[in-house]
Amino acid sequence: MPTIFFIFLFLGIIILFSSFFTVKQQTAVVVERFGKFLSIRNSGLQLKLPIIDRIAGRVNLRIQQLDVIIETQTKDNVFVKMKVSVQFKVIPEHVYEAFYKLEYPHDQITAYVFDVVRAEVPKLILDDVFLRKDDIAIAVKRELNEAMTTYGYDIINTLVTDIDPDIQVKNAMNRINAAEREKTAAMFESDAQRIRIVAKAKAEAESKKLQGQGIADQRREIAKGLVESVAVLNEVGINSQEASALIVITQHYDTLQAIGADTNSNLILLPNSPQAASDMLNSMVTSFTASNIIGEEMKRQPRKVKKTGNHTSLDYNPSDTSSPEEPAK
């Protein structure tokens, strides 16, 4: 008798404890009675009738993420692999629909993602796929929301997290980008070279201009000095021709002195004999005298008139041997 009592007591304790169960935070428990839906229990300590009621399942209310990898073809016939991340959760007010209407939610979401992506990507070329990935994600979210809300699921967000073209296509794109960057670099280098050339040309032009001004000023001062020297020599009875010859001889000796002062000079001045200065002076005086005589002869030549059609012209060329004709009175 005592043994039977302890057995029933033990069974009673087990049944009592089996009547209580706990539900974790962000979780919902579906309770059934004789296989029929009874209630949904939320987080905390809950009570059910032993043997009669049972826990049919637990539903996670937290945000979940499903990564879907799809291979599809673009408009320009390039195959790409895309990774779409779908963030979703069960709506607390629709736990019944999420538990009883949809058995495999992940498979259902994956199917809709495949359908939308393979409908949108073939409309775009590869470059536009990268540029408009957000549009693709929005289209996936819109389609999923319309389909999954019926089953008690809320699509929080969809993200296109990766676009991976074929390896040969990626290599080609990298070569194109490298060529574009090299082209841009070459353009910048050519512009910089052009700026340097222009700046150098301007500097050289300015230098030549200043150098020319310096040479002109130098020659102007030399000319002034020669005029003053000739005027001084004229005062002591030396005419201008002799003064000019004397100045040339003086410059000749100055040049010889400058050449001799440079020990590393390879310049050879010819002719250069002891009587070179005397010969040069005599030659210059003779040349000046001859030029004066020729000038006087040209002044004494008669004026001749040549007929050229209906027009006449004055000719002062002494070497003209044709007989002059006097113009009609």
# chains A, B, ... in the order shown; residues from 1 in each chain; ligands from 1
$ closest_atom_pairs --of "region 131-246 of chain A" --to "region 62-81 of chain A" --cutoff "7 Å" --atoms "only C-alpha atoms" --output "tab-separated table"
residue	atom	partner	partner_atom	distance
A:Ile163	CA	A:Lys81	CA	5.8
A:Asp164	CA	A:Lys81	CA	5.0
A:Pro165	CA	A:Val80	CA	4.1
A:Asp166	CA	A:Val80	CA	6.2
$ residues_around --residues "Lys141 (chain A)" --least-positions-apart "4" --cutoff "12 Å" --atoms "only C-alpha atoms" --output "ChimeraX atom specification"
/A:84-88,109,112-113,116-117,134-137,145-149,154-160
$ residues_around --residues "region 12-19 of chain A" --least-positions-apart "4" --cutoff "7 Å" --atoms "only C-alpha atoms" --output "PyMOL selection string"
chain A and resi 8+47-50
$ atom_distance --atom1 "CA of Ala223 (chain A)" --atom2 "CA of Glu296 (chain A)"
26.7 Å
$ atom_distance --atom1 "CA of Ile51 (chain A)" --atom2 "CA of Phe34 (chain A)"
9.0 Å
$ select_by_dssp --residues "region 80-150 of chain A" --states "alpha helix (DSSP H)" --output "count of residues only"
44
$ select_by_dssp --residues "region 23-148 of chain A" --states "strand (DSSP E or B)" --output "JSON, numbers by chain"
{"A": [23, 27, 28, 29, 30, 31, 32, 33, 36, 37, 38, 39, 40, 41, 44, 45, 46, 47, 53, 54, 55, 56, 57, 58, 59, 60, 64, 65, 66, 67, 68, 69, 70, 71, 72, 73, 79, 80, 81, 82, 83, 84, 85, 86, 87, 88, 89, 90]}
$ atom_distance --atom1 "CA of Leu126 (chain A)" --atom2 "CA of Ala178 (chain A)"
18.1 Å
$ residues_around --residues "Pro92 (chain A)" --least-positions-apart "6" --cutoff "12 Å" --atoms "only C-alpha atoms" --output "PyMOL selection string"
chain A and resi 26-29+40-43+59-63+98-99+151-154
$ write_last_selection --atoms "N, CA and C atoms" --output "CSV table (one decimal), in the first residue's frame"
chain,number,residue,atom,x,y,z
A,26,GLN,N,11.6,37.4,-26.8
A,26,GLN,CA,11.5,37.5,-28.3
A,26,GLN,C,11.2,36.1,-28.9
A,27,THR,N,10.4,35.4,-28.2
A,27,THR,CA,10.0,34.0,-28.6
A,27,THR,C,8.5,33.9,-28.3
A,28,ALA,N,7.8,33.2,-29.2
A,28,ALA,CA,6.4,32.9,-29.0
A,28,ALA,C,6.2,31.4,-29.1
A,29,VAL,N,5.3,30.8,-28.2
A,29,VAL,CA,5.0,29.4,-28.2
A,29,VAL,C,3.6,29.2,-28.6
A,40,ILE,N,-1.4,31.3,-28.2
A,40,ILE,CA,0.0,31.7,-28.4
A,40,ILE,C,0.5,32.3,-27.0
A,41,ARG,N,1.5,31.7,-26.5
A,41,ARG,CA,2.1,32.2,-25.2
A,41,ARG,C,3.3,33.0,-25.5
A,42,ASN,N,3.5,34.1,-24.8
A,42,ASN,CA,4.6,35.0,-24.9
A,42,ASN,C,5.6,34.7,-23.8
A,43,SER,N,6.7,35.5,-23.7
A,43,SER,CA,7.8,35.3,-22.7
A,43,SER,C,7.3,35.3,-21.3
A,59,VAL,N,8.3,30.0,-32.0
A,59,VAL,CA,8.5,30.9,-33.2
A,59,VAL,C,9.5,32.0,-32.7
A,60,ASN,N,10.6,32.2,-33.5
A,60,ASN,CA,11.5,33.2,-33.2
A,60,ASN,C,11.0,34.6,-33.7
A,61,LEU,N,11.0,35.6,-32.7
A,61,LEU,CA,10.5,36.9,-33.1
A,61,LEU,C,11.6,37.9,-33.4
A,62,ARG,N,12.8,37.5,-33.3
A,62,ARG,CA,14.0,38.4,-33.6
A,62,ARG,C,14.2,38.5,-35.1
A,63,ILE,N,14.9,39.6,-35.4
A,63,ILE,CA,15.2,39.8,-36.9
A,63,ILE,C,16.3,38.8,-37.3
A,98,ALA,N,2.4,32.7,-39.5
A,98,ALA,CA,3.8,32.3,-39.7
A,98,ALA,C,4.1,30.8,-39.4
A,99,PHE,N,3.3,30.3,-38.4
A,99,PHE,CA,3.5,29.0,-37.9
A,99,PHE,C,2.8,28.0,-38.7
A,151,TYR,N,2.0,35.7,-45.0
A,151,TYR,CA,2.4,34.6,-44.1
A,151,TYR,C,2.9,35.1,-42.8
A,152,GLY,N,2.7,36.3,-42.5
A,152,GLY,CA,3.0,36.9,-41.2
A,152,GLY,C,4.5,37.3,-41.0
A,153,TYR,N,5.2,37.5,-42.2
A,153,TYR,CA,6.6,37.9,-42.1
A,153,TYR,C,6.7,39.4,-42.6
A,154,ASP,N,7.6,40.1,-42.0
A,154,ASP,CA,7.9,41.5,-42.3
A,154,ASP,C,9.3,41.6,-42.9
